[in-house]
$ cat coords03.pdb   # PDB, C-alpha atoms
MODEL        1
ATOM      1  CA  MET A 834     -22.103 -13.495 -22.453  1.00  0.00           C
ATOM      2  CA  HIS A 835     -21.740 -10.085 -20.828  1.00  0.00           C
ATOM      3  CA  VAL A 836     -23.914  -8.687 -18.043  1.00  0.00           C
ATOM      4  CA  THR A 837     -25.294  -6.065 -20.449  1.00  0.00           C
ATOM      5  CA  ASP A 838     -26.717  -8.875 -22.594  1.00  0.00           C
ATOM      6  CA  TRP A 839     -29.283  -9.825 -19.961  1.00  0.00           C
ATOM      7  CA  LEU A 840     -31.541  -6.832 -20.705  1.00  0.00           C
ATOM      8  CA  PRO A 841     -32.151  -7.492 -24.424  1.00  0.00           C
ATOM      9  CA  THR A 842     -32.204 -11.260 -23.840  1.00  0.00           C
ATOM     10  CA  LEU A 843     -34.887 -11.138 -21.145  1.00  0.00           C
ATOM     11  CA  LEU A 844     -36.893  -8.507 -22.998  1.00  0.00           C
ATOM     12  CA  PHE A 845     -36.892 -10.732 -26.077  1.00  0.00           C
ATOM     13  CA  LYS A 846     -38.196 -13.663 -24.047  1.00  0.00           C
ATOM     14  CA  ALA A 847     -40.846 -11.397 -22.516  1.00  0.00           C
ATOM     15  CA  GLY A 848     -42.032 -10.531 -26.011  1.00  0.00           C
ATOM     16  CA  THR A 849     -40.991  -6.904 -26.064  1.00  0.00           C
ATOM     17  CA  SER A 850     -38.198  -4.858 -27.586  1.00  0.00           C
ATOM     18  CA  PRO A 851     -35.151  -3.174 -26.033  1.00  0.00           C
ATOM     19  CA  PRO A 852     -35.167   0.627 -25.589  1.00  0.00           C
ATOM     20  CA  ALA A 853     -35.122   2.670 -28.782  1.00  0.00           C
ATOM     21  CA  HIS A 854     -31.734   4.179 -27.955  1.00  0.00           C
ATOM     22  CA  GLU A 855     -28.575   2.192 -28.598  1.00  0.00           C
ATOM     23  CA  ILE A 856     -27.557  -0.192 -25.812  1.00  0.00           C
ATOM     24  CA  ASP A 857     -24.441  -2.269 -25.222  1.00  0.00           C
ATOM     25  CA  GLY A 858     -26.159  -5.634 -24.854  1.00  0.00           C
ATOM     26  CA  VAL A 859     -27.154  -8.156 -27.500  1.00  0.00           C
ATOM     27  CA  ASN A 860     -29.904 -10.772 -27.463  1.00  0.00           C
ATOM     28  CA  GLN A 861     -28.328 -14.100 -26.471  1.00  0.00           C
ATOM     29  CA  TRP A 862     -31.497 -16.192 -26.212  1.00  0.00           C
ATOM     30  CA  ASP A 863     -31.065 -18.299 -29.363  1.00  0.00           C
ATOM     31  CA  ALA A 864     -27.429 -19.034 -28.573  1.00  0.00           C
ATOM     32  CA  MET A 865     -28.267 -19.942 -24.970  1.00  0.00           C
ATOM     33  CA  MET A 866     -31.042 -22.330 -26.029  1.00  0.00           C
ATOM     34  CA  SER A 867     -29.109 -23.968 -28.876  1.00  0.00           C
ATOM     35  CA  GLY A 868     -27.051 -26.248 -26.644  1.00  0.00           C
ATOM     36  CA  GLY A 869     -23.862 -24.892 -28.126  1.00  0.00           C
ATOM     37  CA  ASP A 870     -24.886 -25.252 -31.771  1.00  0.00           C
ATOM     38  CA  LEU A 871     -25.146 -21.490 -32.322  1.00  0.00           C
ATOM     39  CA  ALA A 872     -22.281 -19.122 -31.710  1.00  0.00           C
ATOM     40  CA  SER A 873     -22.816 -16.160 -29.440  1.00  0.00           C
ATOM     41  CA  PRO A 874     -23.653 -12.949 -31.315  1.00  0.00           C
ATOM     42  CA  ARG A 875     -21.188 -11.163 -29.034  1.00  0.00           C
ATOM     43  CA  THR A 876     -17.651 -11.189 -30.377  1.00  0.00           C
ATOM     44  CA  GLU A 877     -15.925  -8.880 -27.894  1.00  0.00           C
ATOM     45  CA  ILE A 878     -16.061  -7.727 -24.279  1.00  0.00           C
ATOM     46  CA  LEU A 879     -14.437  -4.515 -23.117  1.00  0.00           C
ATOM     47  CA  HIS A 880     -13.493  -5.319 -19.528  1.00  0.00           C
ATOM     48  CA  ASN A 881     -12.116  -2.003 -18.339  1.00  0.00           C
ATOM     49  CA  VAL A 882     -10.500   1.290 -19.346  1.00  0.00           C
ATOM     50  CA  ASP A 883      -8.855   3.304 -16.591  1.00  0.00           C
ATOM     51  CA  PHE A 884      -6.912   6.457 -17.462  1.00  0.00           C
ATOM     52  CA  TRP A 885      -6.415   7.514 -13.859  1.00  0.00           C
ATOM     53  CA  ARG A 886      -3.238   6.976 -11.860  1.00  0.00           C
ATOM     54  CA  TYR A 887      -3.753   5.216  -8.531  1.00  0.00           C
ATOM     55  CA  PRO A 888      -2.949   5.891  -5.778  1.00  0.00           C
ATOM     56  CA  ALA A 889      -2.975   9.670  -5.732  1.00  0.00           C
ATOM     57  CA  ASP A 890      -2.811  11.547  -2.450  1.00  0.00           C
ATOM     58  CA  GLN A 891      -4.422  14.795  -3.602  1.00  0.00           C
ATOM     59  CA  GLU A 892      -5.843  14.903  -7.130  1.00  0.00           C
ATOM     60  CA  LEU A 893      -6.269  12.093  -9.601  1.00  0.00           C
ATOM     61  CA  GLU A 894      -3.667  12.290 -12.349  1.00  0.00           C
ATOM     62  CA  GLU A 895      -4.567  11.238 -15.868  1.00  0.00           C
ATOM     63  CA  MET A 896      -2.154   8.797 -17.479  1.00  0.00           C
ATOM     64  CA  ALA A 897      -1.110   8.962 -21.122  1.00  0.00           C
ATOM     65  CA  ASN A 898      -1.835   5.232 -21.438  1.00  0.00           C
ATOM     66  CA  PRO A 899      -4.802   3.565 -19.765  1.00  0.00           C
ATOM     67  CA  ARG A 900      -4.910   0.363 -17.794  1.00  0.00           C
ATOM     68  CA  ALA A 901      -7.374  -1.587 -19.880  1.00  0.00           C
ATOM     69  CA  ALA A 902      -8.488  -5.039 -20.986  1.00  0.00           C
ATOM     70  CA  ILE A 903     -10.522  -6.388 -23.868  1.00  0.00           C
ATOM     71  CA  ARG A 904     -11.528  -9.857 -25.008  1.00  0.00           C
ATOM     72  CA  VAL A 905     -12.010 -10.645 -28.697  1.00  0.00           C
ATOM     73  CA  GLY A 906     -12.906 -14.261 -29.411  1.00  0.00           C
ATOM     74  CA  ASP A 907     -10.485 -16.480 -27.505  1.00  0.00           C
ATOM     75  CA  LEU A 908      -7.939 -13.709 -26.951  1.00  0.00           C
ATOM     76  CA  LYS A 909      -7.758 -11.339 -24.001  1.00  0.00           C
ATOM     77  CA  LEU A 910      -5.491  -8.289 -24.097  1.00  0.00           C
ATOM     78  CA  ILE A 911      -4.421  -6.484 -20.917  1.00  0.00           C
ATOM     79  CA  ILE A 912      -2.425  -3.283 -21.377  1.00  0.00           C
ATOM     80  CA  HIS A 913      -0.376  -1.071 -19.064  1.00  0.00           C
ATOM     81  CA  HIS A 914      -0.856  -3.273 -16.037  1.00  0.00           C
ATOM     82  CA  TRP A 915       1.109  -5.041 -13.334  1.00  0.00           C
ATOM     83  CA  HIS A 916       1.874  -8.714 -13.606  1.00  0.00           C
ATOM     84  CA  MET A 917      -0.661 -10.356 -11.319  1.00  0.00           C
ATOM     85  CA  PRO A 918      -0.304 -13.689  -9.470  1.00  0.00           C
ATOM     86  CA  GLU A 919      -1.144 -16.715 -11.578  1.00  0.00           C
ATOM     87  CA  TYR A 920      -4.490 -18.272 -10.723  1.00  0.00           C
ATOM     88  CA  THR A 921      -4.311 -21.865  -9.520  1.00  0.00           C
ATOM     89  CA  CYS A 922      -7.237 -24.017 -10.569  1.00  0.00           C
ATOM     90  CA  PRO A 923      -8.938 -25.920  -7.718  1.00  0.00           C
ATOM     91  CA  MET A 924      -7.971 -29.568  -7.485  1.00  0.00           C
ATOM     92  CA  ASP A 925     -11.492 -30.619  -6.555  1.00  0.00           C
ATOM     93  CA  THR A 926     -14.982 -29.207  -6.013  1.00  0.00           C
ATOM     94  CA  GLU A 927     -14.714 -29.093  -2.219  1.00  0.00           C
ATOM     95  CA  ASP A 928     -14.807 -25.527  -0.894  1.00  0.00           C
ATOM     96  CA  ASP A 929     -11.984 -25.706   1.626  1.00  0.00           C
ATOM     97  CA  GLY A 930     -10.992 -22.047   1.314  1.00  0.00           C
ATOM     98  CA  VAL A 931      -7.554 -22.972  -0.031  1.00  0.00           C
ATOM     99  CA  ASP A 932      -7.774 -24.341  -3.566  1.00  0.00           C
ATOM    100  CA  GLY A 933      -8.250 -21.629  -6.140  1.00  0.00           C
ATOM    101  CA  SER A 934      -7.378 -18.795  -3.756  1.00  0.00           C
ATOM    102  CA  THR A 935      -4.727 -16.182  -4.494  1.00  0.00           C
ATOM    103  CA  ASP A 936      -2.948 -13.911  -2.031  1.00  0.00           C
ATOM    104  CA  CYS A 937      -3.209 -10.366  -3.414  1.00  0.00           C
ATOM    105  CA  ALA A 938      -1.848  -8.670  -0.296  1.00  0.00           C
ATOM    106  CA  GLU A 939       1.637  -8.215  -1.743  1.00  0.00           C
ATOM    107  CA  SER A 940       2.204  -5.097  -3.830  1.00  0.00           C
ATOM    108  CA  PRO A 941       2.452  -5.934  -7.556  1.00  0.00           C
ATOM    109  CA  GLY A 942       5.317  -3.440  -7.918  1.00  0.00           C
ATOM    110  CA  ASP A 943       5.820  -0.522 -10.285  1.00  0.00           C
ATOM    111  CA  VAL A 944       6.581  -2.331 -13.562  1.00  0.00           C
ATOM    112  CA  LEU A 945       3.720  -2.059 -16.045  1.00  0.00           C
ATOM    113  CA  ASP A 946       3.497  -4.349 -19.055  1.00  0.00           C
ATOM    114  CA  ASN A 947       1.150  -5.678 -21.740  1.00  0.00           C
ATOM    115  CA  PHE A 948      -0.290  -9.197 -21.809  1.00  0.00           C
ATOM    116  CA  LEU A 949      -2.098 -11.265 -24.413  1.00  0.00           C
ATOM    117  CA  TYR A 950      -3.651 -14.589 -23.459  1.00  0.00           C
ATOM    118  CA  ASN A 951      -5.677 -17.262 -25.213  1.00  0.00           C
ATOM    119  CA  ILE A 952      -8.090 -17.757 -22.338  1.00  0.00           C
ATOM    120  CA  THR A 953      -9.736 -20.798 -23.939  1.00  0.00           C
ATOM    121  CA  ALA A 954      -6.490 -22.759 -24.252  1.00  0.00           C
ATOM    122  CA  ASP A 955      -4.878 -21.055 -21.249  1.00  0.00           C
ATOM    123  CA  PRO A 956      -7.598 -20.219 -18.683  1.00  0.00           C
ATOM    124  CA  THR A 957      -5.062 -19.491 -15.933  1.00  0.00           C
ATOM    125  CA  GLU A 958      -3.433 -16.803 -18.119  1.00  0.00           C
ATOM    126  CA  SER A 959       0.076 -18.167 -17.689  1.00  0.00           C
ATOM    127  CA  VAL A 960       1.430 -17.911 -21.273  1.00  0.00           C
ATOM    128  CA  ASN A 961       1.860 -14.345 -22.521  1.00  0.00           C
ATOM    129  CA  LEU A 962       1.490 -14.239 -26.327  1.00  0.00           C
ATOM    130  CA  ILE A 963       2.176 -10.518 -26.714  1.00  0.00           C
ATOM    131  CA  ASP A 964       5.473 -11.082 -28.570  1.00  0.00           C
ATOM    132  CA  ASP A 965       4.092 -13.933 -30.683  1.00  0.00           C
ATOM    133  CA  LEU A 966       1.024 -12.081 -31.985  1.00  0.00           C
ATOM    134  CA  PRO A 967       2.011  -8.393 -32.095  1.00  0.00           C
ATOM    135  CA  ASP A 968      -0.312  -7.475 -34.979  1.00  0.00           C
ATOM    136  CA  LEU A 969      -3.361  -8.965 -33.269  1.00  0.00           C
ATOM    137  CA  ALA A 970      -2.389  -7.262 -30.026  1.00  0.00           C
ATOM    138  CA  GLU A 971      -2.142  -3.893 -31.780  1.00  0.00           C
ATOM    139  CA  THR A 972      -5.525  -4.391 -33.474  1.00  0.00           C
ATOM    140  CA  MET A 973      -7.114  -5.156 -30.105  1.00  0.00           C
ATOM    141  CA  ARG A 974      -5.369  -2.194 -28.474  1.00  0.00           C
ATOM    142  CA  SER A 975      -6.734   0.099 -31.187  1.00  0.00           C
ATOM    143  CA  ARG A 976     -10.198  -1.323 -30.587  1.00  0.00           C
ATOM    144  CA  ILE A 977      -9.983  -0.338 -26.908  1.00  0.00           C
ATOM    145  CA  TYR A 978      -9.413   3.290 -27.896  1.00  0.00           C
ATOM    146  CA  GLU A 979     -12.113   3.131 -30.557  1.00  0.00           C
ATOM    147  CA  ILE A 980     -14.760   1.958 -28.079  1.00  0.00           C
ATOM    148  CA  TYR A 981     -13.570   4.404 -25.427  1.00  0.00           C
ATOM    149  CA  ASN A 982     -13.686   7.414 -27.745  1.00  0.00           C
ATOM    150  CA  LEU A 983     -17.169   6.492 -28.961  1.00  0.00           C
ATOM    151  CA  THR A 984     -18.794   5.780 -25.600  1.00  0.00           C
ATOM    152  CA  ALA A 985     -16.848   7.344 -22.707  1.00  0.00           C
ATOM    153  CA  VAL A 986     -18.333  10.131 -20.614  1.00  0.00           C
ATOM    154  CA  ASP A 987     -16.317  12.604 -18.584  1.00  0.00           C
ATOM    155  CA  PRO A 988     -15.647  11.213 -15.095  1.00  0.00           C
ATOM    156  CA  VAL A 989     -16.783  13.070 -12.000  1.00  0.00           C
ATOM    157  CA  TRP A 990     -14.481  12.508  -9.034  1.00  0.00           C
ATOM    158  CA  VAL A 991     -14.684  13.490  -5.414  1.00  0.00           C
ATOM    159  CA  THR A 992     -11.445  14.382  -3.684  1.00  0.00           C
ATOM    160  CA  PRO A 993      -9.774  11.026  -2.951  1.00  0.00           C
ATOM    161  CA  ASP A 994      -9.223  10.003   0.646  1.00  0.00           C
ATOM    162  CA  TYR A 995      -5.602   8.840   0.738  1.00  0.00           C
ATOM    163  CA  ASP A 996      -6.142   7.255   4.163  1.00  0.00           C
ATOM    164  CA  ALA A 997      -8.306   4.667   2.414  1.00  0.00           C
ATOM    165  CA  PHE A 998      -5.376   3.598   0.254  1.00  0.00           C
ATOM    166  CA  LEU A 999      -2.989   3.425   3.208  1.00  0.00           C
ATOM    167  CA  VAL A1000      -5.305   1.100   5.118  1.00  0.00           C
ATOM    168  CA  TRP A1001      -5.995  -0.979   2.000  1.00  0.00           C
ATOM    169  CA  ASP A1002      -2.259  -1.251   1.306  1.00  0.00           C
ATOM    170  CA  SER A1003      -1.473  -2.390   4.854  1.00  0.00           C
ATOM    171  CA  GLN A1004      -4.417  -4.802   5.171  1.00  0.00           C
ATOM    172  CA  GLY A1005      -4.446  -6.292   1.672  1.00  0.00           C
ATOM    173  CA  GLY A1006      -8.157  -5.697   1.210  1.00  0.00           C
ATOM    174  CA  ILE A1007     -11.020  -3.237   1.386  1.00  0.00           C
ATOM    175  CA  VAL A1008     -11.900  -2.576   5.041  1.00  0.00           C
ATOM    176  CA  PRO A1009     -13.259   0.397   7.021  1.00  0.00           C
ATOM    177  CA  TRP A1010     -10.662   3.164   7.176  1.00  0.00           C
ATOM    178  CA  HIS A1011     -12.301   6.128   8.922  1.00  0.00           C
ATOM    179  CA  VAL A1012     -10.662   6.812  12.272  1.00  0.00           C
ATOM    180  CA  SER A1013     -14.007   6.872  14.073  1.00  0.00           C
ATOM    181  CA  VAL A1014     -14.732   3.371  12.803  1.00  0.00           C
ATOM    182  CA  LEU A1015     -11.239   2.023  13.389  1.00  0.00           C
ATOM    183  CA  GLN A1016     -11.178   3.170  17.008  1.00  0.00           C
ATOM    184  CA  GLU A1017     -14.179   0.945  17.681  1.00  0.00           C
ATOM    185  CA  ASP A1018     -12.208  -2.155  16.693  1.00  0.00           C
ATOM    186  CA  ALA A1019     -11.438  -3.656  20.055  1.00  0.00           C
ATOM    187  CA  ASP A1020      -9.256  -6.352  18.526  1.00  0.00           C
ATOM    188  CA  GLY A1021      -6.969  -3.801  16.910  1.00  0.00           C
ATOM    189  CA  ASP A1022      -6.953  -5.756  13.639  1.00  0.00           C
ATOM    190  CA  VAL A1023      -6.936  -2.599  11.533  1.00  0.00           C
ATOM    191  CA  ASP A1024      -4.407   0.172  12.023  1.00  0.00           C
ATOM    192  CA  SER A1025      -5.653   3.737  12.016  1.00  0.00           C
ATOM    193  CA  PRO A1026      -4.136   6.062   9.391  1.00  0.00           C
ATOM    194  CA  ALA A1027      -2.072   7.779  12.103  1.00  0.00           C
ATOM    195  CA  GLU A1028      -0.329   4.471  12.821  1.00  0.00           C
ATOM    196  CA  LEU A1029       0.511   3.712   9.204  1.00  0.00           C
ATOM    197  CA  PRO A1030       3.784   4.660   7.473  1.00  0.00           C
ATOM    198  CA  ASP A1031       3.972   8.100   5.903  1.00  0.00           C
ATOM    199  CA  ASP A1032       3.520   8.666   2.158  1.00  0.00           C
ATOM    200  CA  ASP A1033       7.222   8.307   1.347  1.00  0.00           C
ATOM    201  CA  ALA A1034       7.274   4.816   2.816  1.00  0.00           C
ATOM    202  CA  GLN A1035       4.481   3.747   0.478  1.00  0.00           C
ATOM    203  CA  VAL A1036       6.307   4.630  -2.759  1.00  0.00           C
TER     204      VAL A1036
ENDMDL
END

$ encode --input "coords03.pdb" --output "structure tokens"
Amino acid sequence: MHVTDWLPTLLFKAGTSPPAHEIDGVNQWDAMMSGGDLASPRTEILHNVDFWRYPADQELEEMANPRAAIRVGDLKLIIHHWHMPEYTCPMDTEDDGVDGSTDCAESPGDVLDNFLYNITADPTESVNLIDDLPDLAETMRSRIYEIYNLTAVDPVWVTPDYDAFLVWDSQGGIVPWHVSVLQEDADGDVDSPAELPDDDAQV
């Protein structure tokens, strides 16, 4: 089920119809109430399509190939992306802040690749099937472009603040980066942009 499915599902239960214009969601009520006897009417989920190079210190640069991901059935295709740390399933249900956590502070590097996972059989996405199922991968890749070309709208960007990336890169997470905010941090946990390495050191 995708988040866009909630609108038509709840409207159906409320006894009314979705908007007259085409929407992304599908009514999942019967599948939800069937106890698993009925398959979901949704067969694919487009997770993301990003044509814009990041980071960029002045203007966003459009890439020839997008970073993107799509799920079709049990298969999930990720294209033009870094290899991310493998998720470790929690050993128990106790929330100790350790099990199931992943350290994303380290840079993933500059090597971009394509990944195909069977997320039903391999929920931690540890076995890349891209070389085993090239035809399926290509079909899914084509579907990404098909959906994008049918539904995408032109992006509107403000001038990026490169200081935000520098602080994010040094801290390993999204934190305040404006100098006026950082100077109020008495503990000095967050470096101000002036204290961070220059652009060349970040490449």

$ residues_around --input "coords03.pdb" --residues "Pro874 in chain A" --least-positions-apart "6" --cutoff "8 Å" --atoms "all atoms listed in the file" --output "list in words"
Val859, Asn860, Gln861 and Ala864 of chain A

$ atom_distance --input "coords03.pdb" --atom1 "CA of Asp863 in chain A" --atom2 "CA of Thr837 in chain A"
16.2 Å

$ closest_residue --input "coords03.pdb" --among "A:Leu969, A:Leu983, A:Ile878, A:Met917" --to "Thr957 in chain A" --atoms "all atoms listed in the file"
A:Met917

$ atom_distance --input "coords03.pdb" --atom1 "CA of Val986 in chain A" --atom2 "CA of Met973 in chain A"
21.2 Å

$ resolve_selection --input "coords03.pdb" --expression "the PyMOL selection byres ((chain A and resi 984) around 12)" --output "number ranges by chain"
A: 855-857, 879, 882, 977-983, 985-987

$ resolve_selection --input "coords03.pdb" --expression "the PyMOL selection byres ((chain A and resi 909-911) around 9)" --output "count of residues only"
23

$ resolve_selection --input "coords03.pdb" --expression "the PyMOL selection byres ((chain A and resi 842) around 10)" --output "MDAnalysis selection string"
chainID A and resid 837:841 843:847 850:851 858:863 865

$ atom_distance --input "coords03.pdb" --atom1 "CA of Asp883 in chain A" --atom2 "CA of Leu945 in chain A"
13.7 Å

$ closest_residue --input "coords03.pdb" --among "A:Gly868, A:Tyr995, A:His880, A:Trp915" --to "Val836 in chain A" --atoms "all atoms listed in the file"
A:His880

$ axis_aligned_box --input "coords03.pdb" --around "range 860-872 of chain A" --padding-each-side "6 Å" --output "JSON"
{"center_x": -26.9, "center_y": -18.5, "center_z": -28.6, "size_x": 21.2, "size_y": 27.5, "size_z": 19.4}
